[in-house]
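See structure below.
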Amino acid sequence: MRARKQEGKHRHASSEELIEHITTFSLVGYETSSSVLHFTLWALAKDPACQQTLREEILQFGREPTFDEIWNGEALPYLEAVVKEG
């Protein structure tokens, strides 16, 4: 609304342009996330020792970690390193 009051100062995007931008950002974000996941899985597939280390850490944890435990990275440090490297 504030932008519409300043019509003379800048060109404003139409509603149609805004929808197109939102769609583009959504698709680009999806594509980036899937590419990172793909690369990480590919790198793990190429390195059986890394897979084994990650598998052992997860099995030693003994239960399904909570979101907070995964988020802070302290409970599963090797998983945290794999995710950050990806």
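Please note that chains go A, B, ... in the order of the structure tokens, that every chain numbers its residues from 1, and that ligands are numbered from 1 in the order shown.
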Taking only residues of stretch 11-52 of chain A that have an atom at most 12 Å from an atom of stretch 56-77 of chain A, what is each one's shortest atom pair and its distance in Å to one decimal, using only C-alpha atoms, in chain and number order, as JSON lines?
```
{"residue": "A:Ala49", "atom": "CA", "partner": "A:Glu56", "partner_atom": "CA", "distance": 10.5}
{"residue": "A:Cys50", "atom": "CA", "partner": "A:Glu56", "partner_atom": "CA", "distance": 9.9}
{"residue": "A:Gln51", "atom": "CA", "partner": "A:Glu56", "partner_atom": "CA", "distance": 8.6}
{"residue": "A:Gln52", "atom": "CA", "partner": "A:Glu56", "partner_atom": "CA", "distance": 6.0}
```
Atomic separation - atom CA of A:Ser26 relative to atom CA of A:Lys84, Å: 22.2 Å
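For stretch 39-44 of chain A, the non-local neighbours within 10 Å, defined as residues at least 2 positions apart in the same chain or in other chains and counting only C-alpha atoms, are Ser33, Ser34, Ser35, Val36, Leu37, Lys46, Asp47, Pro48, Ala49, Cys50, Gln51, Gln52, Leu54, Val82, Val83, Lys84, Glu85 and Gly86 of chain A.
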Helix (DSSP H, G or I) residues, from DSSP on the backbone, in stretch 27-86 of chain A, as a PyMOL selection string: chain A and resi 27-46+48-61+67-72+77-85
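Going from atom CA of A:Leu79 over to atom CA of A:Val28, you cover 25.6 Å.
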